[in-house]
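Peer 1: Supplied in structure tokens, the structure appears directly below.
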Amino acid sequence: MSGTVQPFRSPGYFIRAATMPWEAAGASDLRRRVFVEEQGIFKNHDRDDIDMIATHLVALSTCAHEADGVVGTVRIHEAEKGVWWGSRLAVDLAYRNVGRLGPELIRLAVGTANARGCHRFLANVQPQNVILFRRMRWDVLGEVDVHGVPHMRMAARLDYYEPAPDPAAGWYHKVLRGAA
């Protein structure tokens with residue numbers, strides 16, 4: 001046994017729609033830390049009118065199998081009939097090496113829209129994340145500028161994603177021991 005103390009890692013994560021006020025507040029705080037403090041894309045906050053109509057999804061760390069903190073988030077909204085957008089995908093810096101939190105949020109995002117009649121799901125993706133999205137069956141449509149930052153507009157291949165009719169129930173994502 002090593003003399004170094006390892007930080008506690010949650011054995012699993014709830015991936016679901018934010019339903020409690022603390023979950024929504026945690027998602028907002030996480031977005032501020034990532035998009036304002038870490039990346040400097042926004043000056044004070046990243047909130048906009050879409051937040052009022054979006055479904056906010058979260059990855060929640062657990063302690064004793066109870067949700068205890070927001071460590072990932074993404075929002076989705078229907079921009080026009082059948083056309084859905086995902087945006088503001090963020091995973092806490094300390095949890096980016098946990099494994100699959102971003103992909104699990106993407107899977108719930110597209111699955112939720114699929115269950116709600118989506119026929120096209122789009123996102124503007126930062127260049128460093130394009131490889132992840134391509135692995136998850138997304139196609140690049142072209143380059144766009146979002147708040148002064150280059151992004152790639154991408155579209156999900158909907159047939160790859162199972163509908164998720166109850167995003168509030170979501171699922172429990174168990175992290176395998178030793179998985180990064």
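Letters A, B, ... mark the chains of the structure tokens in the order given; residue numbers begin at 1 per chain; ligand numbers begin at 1, in order shown.
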List the spatial neighbours of stretch 34-46 of chain A as a PyMOL selection string - criterion: any atom at most 8 Å away, only C-alpha atoms, same-chain residues fewer than 5 positions off excluded.
Peer 2: chain A and resi 90-93+147-149
Peer 1: For the residues in the current selection, export N, CA and C atoms as a PDB file, in the first residue's frame.
Peer 2:
ATOM      1  N   ALA A  90     -20.239  21.011 -20.274  1.00  0.00           N
ATOM      2  CA  ALA A  90     -19.120  21.307 -19.382  1.00  0.00           C
ATOM      3  C   ALA A  90     -18.945  20.174 -18.378  1.00  0.00           C
ATOM      4  N   VAL A  91     -17.707  19.791 -18.158  1.00  0.00           N
ATOM      5  CA  VAL A  91     -17.371  18.819 -17.117  1.00  0.00           C
ATOM      6  C   VAL A  91     -16.333  19.481 -16.226  1.00  0.00           C
ATOM      7  N   ASP A  92     -16.532  19.381 -14.924  1.00  0.00           N
ATOM      8  CA  ASP A  92     -15.613  19.970 -13.955  1.00  0.00           C
ATOM      9  C   ASP A  92     -14.191  19.485 -14.219  1.00  0.00           C
ATOM     10  N   LEU A  93     -13.237  20.398 -14.138  1.00  0.00           N
ATOM     11  CA  LEU A  93     -11.843  20.077 -14.417  1.00  0.00           C
ATOM     12  C   LEU A  93     -11.354  18.861 -13.623  1.00  0.00           C
ATOM     13  N   HIS A 147     -19.128  33.460 -30.046  1.00  0.00           N
ATOM     14  CA  HIS A 147     -18.589  34.367 -29.031  1.00  0.00           C
ATOM     15  C   HIS A 147     -17.087  34.589 -29.213  1.00  0.00           C
ATOM     16  N   GLY A 148     -16.653  34.719 -30.480  1.00  0.00           N
ATOM     17  CA  GLY A 148     -15.255  34.985 -30.778  1.00  0.00           C
ATOM     18  C   GLY A 148     -14.340  33.775 -30.718  1.00  0.00           C
ATOM     19  N   VAL A 149     -14.917  32.597 -30.569  1.00  0.00           N
ATOM     20  CA  VAL A 149     -14.130  31.364 -30.468  1.00  0.00           C
ATOM     21  C   VAL A 149     -14.512  30.442 -31.624  1.00  0.00           C
TER      22      VAL A 149
END
Peer 1: Could you list, as a PyMOL selection string, every residue within 10 Å of A:Gly12, counting only C-alpha atoms and ignoring same-chain residues fewer than 4 positions away?
Peer 2: chain A and resi 59-67+98+172-176
Peer 1: Could you name the residues that touch A:Phe133 at 12 Å or less, counting only C-alpha atoms, but leaving out those on the same chain fewer than 2 positions away, as a short mmCIF file (atom, residue, chain, number, x, y, z; two decimals) with N, CA and C atoms, in the first residue's frame?
Peer 2:
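What ended up in selection.cif:
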data_model
loop_
_atom_site.label_atom_id
_atom_site.label_comp_id
_atom_site.auth_asym_id
_atom_site.auth_seq_id
_atom_site.Cartn_x
_atom_site.Cartn_y
_atom_site.Cartn_z
N LEU A 89 -21.95 22.28 -22.97
CA LEU A 89 -21.44 21.05 -22.38
C LEU A 89 -20.21 21.39 -21.54
N GLY A 102 -18.70 13.26 -20.12
CA GLY A 102 -19.13 14.04 -21.29
C GLY A 102 -19.93 13.19 -22.26
N PRO A 103 -19.43 12.02 -22.66
CA PRO A 103 -20.20 11.17 -23.57
C PRO A 103 -21.55 10.74 -23.01
N GLU A 104 -21.62 10.48 -21.72
CA GLU A 104 -22.91 10.09 -21.12
C GLU A 104 -23.89 11.25 -21.18
N LEU A 105 -23.42 12.47 -20.95
CA LEU A 105 -24.30 13.65 -21.06
C LEU A 105 -24.76 13.84 -22.51
N ILE A 106 -23.86 13.63 -23.46
CA ILE A 106 -24.23 13.74 -24.87
C ILE A 106 -25.27 12.69 -25.22
N ARG A 107 -25.07 11.47 -24.75
CA ARG A 107 -26.02 10.38 -25.02
C ARG A 107 -27.41 10.72 -24.47
N VAL A 110 -29.01 13.75 -26.70
CA VAL A 110 -29.57 13.34 -27.99
C VAL A 110 -30.73 12.37 -27.78
N LEU A 122 -28.18 19.32 -33.44
CA LEU A 122 -26.98 20.07 -33.79
C LEU A 122 -26.25 20.58 -32.56
N ALA A 123 -24.98 20.88 -32.71
CA ALA A 123 -24.20 21.52 -31.67
C ALA A 123 -23.01 22.21 -32.31
N ASN A 124 -22.59 23.31 -31.69
CA ASN A 124 -21.35 23.97 -32.07
C ASN A 124 -20.30 23.50 -31.08
N VAL A 125 -19.28 22.82 -31.58
CA VAL A 125 -18.33 22.09 -30.76
C VAL A 125 -16.95 22.73 -30.84
N GLN A 126 -16.31 22.94 -29.70
CA GLN A 126 -14.96 23.47 -29.68
C GLN A 126 -14.01 22.46 -30.35
N PRO A 127 -13.02 22.96 -31.09
CA PRO A 127 -12.14 22.07 -31.87
C PRO A 127 -11.53 20.91 -31.08
N GLN A 128 -11.15 21.13 -29.83
CA GLN A 128 -10.53 20.06 -29.04
C GLN A 128 -11.49 18.92 -28.73
N ASN A 129 -12.78 19.13 -28.93
CA ASN A 129 -13.78 18.09 -28.63
C ASN A 129 -14.33 17.40 -29.88
N VAL A 130 -13.90 17.82 -31.06
CA VAL A 130 -14.43 17.25 -32.30
C VAL A 130 -14.16 15.75 -32.38
N ILE A 131 -12.99 15.30 -31.97
CA ILE A 131 -12.67 13.86 -32.03
C ILE A 131 -13.66 13.06 -31.20
N ARG A 135 -16.30 10.26 -32.68
CA ARG A 135 -16.38 8.88 -32.16
C ARG A 135 -17.79 8.52 -31.75
N MET A 136 -18.57 9.53 -31.39
CA MET A 136 -19.94 9.31 -30.95
C MET A 136 -20.94 9.45 -32.10
N ARG A 137 -20.45 9.34 -33.32
CA ARG A 137 -21.28 9.34 -34.53
C ARG A 137 -21.90 10.71 -34.82
N TRP A 138 -21.07 11.73 -34.78
CA TRP A 138 -21.47 13.07 -35.19
C TRP A 138 -20.69 13.42 -36.46
N ASP A 139 -21.31 14.20 -37.34
CA ASP A 139 -20.68 14.64 -38.57
C ASP A 139 -20.40 16.14 -38.51
N VAL A 140 -19.25 16.55 -39.05
CA VAL A 140 -18.88 17.97 -39.12
C VAL A 140 -19.61 18.60 -40.31
N MET A 152 -16.82 24.02 -34.45
CA MET A 152 -17.28 23.25 -35.60
C MET A 152 -18.75 22.94 -35.39
N ARG A 153 -19.57 23.27 -36.38
CA ARG A 153 -20.98 22.88 -36.32
C ARG A 153 -21.05 21.40 -36.66
N MET A 154 -21.75 20.65 -35.80
CA MET A 154 -21.82 19.21 -35.98
C MET A 154 -23.26 18.73 -35.84
N ALA A 155 -23.55 17.60 -36.45
CA ALA A 155 -24.89 16.99 -36.39
C ALA A 155 -24.76 15.54 -35.95
N ALA A 156 -25.62 15.16 -35.03
CA ALA A 156 -25.62 13.78 -34.53
C ALA A 156 -26.32 12.87 -35.53
N ARG A 157 -25.81 11.66 -35.67
CA ARG A 157 -26.51 10.63 -36.44
C ARG A 157 -27.53 10.01 -35.49
#
Peer 1: Contacts of A:Ala79 at 12 Å or less, counting only C-alpha atoms, minus same-chain residues fewer than 6 places along, as a PyMOL selection string?
Peer 2: chain A and resi 49-50+53-54+85-87+113+118-123
Peer 1: For the atom pair atom CA of A:Asp166 and atom CA of A:Arg31, what is the interatomic distance in Å to one decimal place?
Peer 2: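 Calculated distance between atom CA of A:Asp166 and atom CA of A:Arg31 is 23.8 Å.
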Peer 1: Would you please give, as an MDAnalysis selection string, all residues of stretch 10-99 of chain A that DSSP assigns to strand (DSSP E) based on the backbone?
Peer 2: chainID A and resid 12:17 55:63 66:80 83:91
Peer 1: Considering only helix (DSSP H, G or I) as DSSP defines it on the backbone, what residues of chain A qualify? List them as JSON, numbers by chain.
Peer 2: {"A": [21, 22, 23, 24, 25, 26, 27, 28, 29, 30, 31, 32, 33, 34, 35, 36, 37, 38, 50, 51, 52, 53, 93, 94, 95, 101, 102, 103, 104, 105, 106, 107, 108, 109, 110, 111, 112, 113, 114, 115, 127, 128, 129, 130, 131, 132, 133, 134, 135, 158, 159, 160]}
Peer 1: Keeping only C-alpha atoms, write the selected residues as a PDB file, in the first residue's frame.
Peer 2:
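Result file out.pdb:
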ATOM      1  CA  PRO A  21     -32.924  23.762  -7.363  1.00  0.00           C
ATOM      2  CA  TRP A  22     -29.447  22.766  -6.089  1.00  0.00           C
ATOM      3  CA  GLU A  23     -28.832  20.826  -9.318  1.00  0.00           C
ATOM      4  CA  ALA A  24     -29.759  23.819 -11.485  1.00  0.00           C
ATOM      5  CA  ALA A  25     -27.611  26.117  -9.332  1.00  0.00           C
ATOM      6  CA  GLY A  26     -24.724  23.655  -9.502  1.00  0.00           C
ATOM      7  CA  ALA A  27     -24.984  23.461 -13.295  1.00  0.00           C
ATOM      8  CA  SER A  28     -24.968  27.258 -13.537  1.00  0.00           C
ATOM      9  CA  ASP A  29     -21.954  27.501 -11.217  1.00  0.00           C
ATOM     10  CA  LEU A  30     -20.080  24.831 -13.194  1.00  0.00           C
ATOM     11  CA  ARG A  31     -20.735  26.660 -16.463  1.00  0.00           C
ATOM     12  CA  ARG A  32     -19.423  29.902 -14.919  1.00  0.00           C
ATOM     13  CA  ARG A  33     -16.250  28.155 -13.746  1.00  0.00           C
ATOM     14  CA  VAL A  34     -15.627  26.545 -17.155  1.00  0.00           C
ATOM     15  CA  PHE A  35     -16.730  29.229 -19.623  1.00  0.00           C
ATOM     16  CA  VAL A  36     -15.878  32.380 -17.624  1.00  0.00           C
ATOM     17  CA  GLU A  37     -13.012  31.507 -15.284  1.00  0.00           C
ATOM     18  CA  GLU A  38     -11.236  28.672 -17.099  1.00  0.00           C
ATOM     19  CA  ILE A  50     -32.015  29.828 -24.087  1.00  0.00           C
ATOM     20  CA  ASP A  51     -31.578  28.960 -20.411  1.00  0.00           C
ATOM     21  CA  MET A  52     -35.240  29.838 -19.845  1.00  0.00           C
ATOM     22  CA  ILE A  53     -36.497  27.272 -22.379  1.00  0.00           C
ATOM     23  CA  LEU A  93     -11.843  20.077 -14.417  1.00  0.00           C
ATOM     24  CA  ALA A  94     -11.300  17.644 -11.526  1.00  0.00           C
ATOM     25  CA  TYR A  95     -13.634  15.078 -13.190  1.00  0.00           C
ATOM     26  CA  LEU A 101     -19.083  11.834 -18.177  1.00  0.00           C
ATOM     27  CA  GLY A 102     -19.129  14.036 -21.290  1.00  0.00           C
ATOM     28  CA  PRO A 103     -20.202  11.173 -23.572  1.00  0.00           C
ATOM     29  CA  GLU A 104     -22.908  10.094 -21.124  1.00  0.00           C
ATOM     30  CA  LEU A 105     -24.296  13.650 -21.060  1.00  0.00           C
ATOM     31  CA  ILE A 106     -24.225  13.745 -24.873  1.00  0.00           C
ATOM     32  CA  ARG A 107     -26.023  10.382 -25.022  1.00  0.00           C
ATOM     33  CA  LEU A 108     -28.762  11.656 -22.681  1.00  0.00           C
ATOM     34  CA  ALA A 109     -29.026  14.938 -24.586  1.00  0.00           C
ATOM     35  CA  VAL A 110     -29.569  13.339 -27.988  1.00  0.00           C
ATOM     36  CA  GLY A 111     -31.695  10.528 -26.536  1.00  0.00           C
ATOM     37  CA  THR A 112     -33.981  13.018 -24.794  1.00  0.00           C
ATOM     38  CA  ALA A 113     -34.443  15.008 -28.004  1.00  0.00           C
ATOM     39  CA  ASN A 114     -35.017  11.760 -29.929  1.00  0.00           C
ATOM     40  CA  ALA A 115     -37.846  10.872 -27.565  1.00  0.00           C
ATOM     41  CA  PRO A 127     -12.142  22.066 -31.870  1.00  0.00           C
ATOM     42  CA  GLN A 128     -10.528  20.061 -29.040  1.00  0.00           C
ATOM     43  CA  ASN A 129     -13.780  18.095 -28.635  1.00  0.00           C
ATOM     44  CA  VAL A 130     -14.427  17.250 -32.300  1.00  0.00           C
ATOM     45  CA  ILE A 131     -12.671  13.863 -32.034  1.00  0.00           C
ATOM     46  CA  LEU A 132     -14.944  12.849 -29.146  1.00  0.00           C
ATOM     47  CA  PHE A 133     -18.082  13.835 -31.070  1.00  0.00           C
ATOM     48  CA  ARG A 134     -16.906  12.059 -34.228  1.00  0.00           C
ATOM     49  CA  ARG A 135     -16.376   8.884 -32.162  1.00  0.00           C
ATOM     50  CA  LEU A 158     -29.806  10.067 -34.664  1.00  0.00           C
ATOM     51  CA  ASP A 159     -30.067   6.364 -35.449  1.00  0.00           C
ATOM     52  CA  TYR A 160     -27.109   5.765 -33.119  1.00  0.00           C
TER      53      TYR A 160
END
Peer 1: Between atom CA of A:His56 and atom CA of A:Val74, measure the distance and give it in Å to one decimal.
Peer 2: 6.1 Å
Peer 1: Measuring atom to atom with only C-alpha atoms, identify which of A:Val58, A:Asp48, A:Arg100, A:Val144 is nearest to A:Arg16.
Peer 2: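 Closest candidate: A:Val58.
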Peer 1: Mind pulling up the distance from atom CA of A:Val70 to atom CA of A:Phe14?
Peer 2: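 Taking atom CA of A:Phe14 and atom CA of A:Val70, their separation equals 9.5 Å.
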Peer 1: Closest to A:Glu162 among A:Gly142, A:Arg116, A:Met20, A:Arg47, using only C-alpha atoms?
Peer 2: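 So, comparing all the options, the nearest one is A:Arg116.
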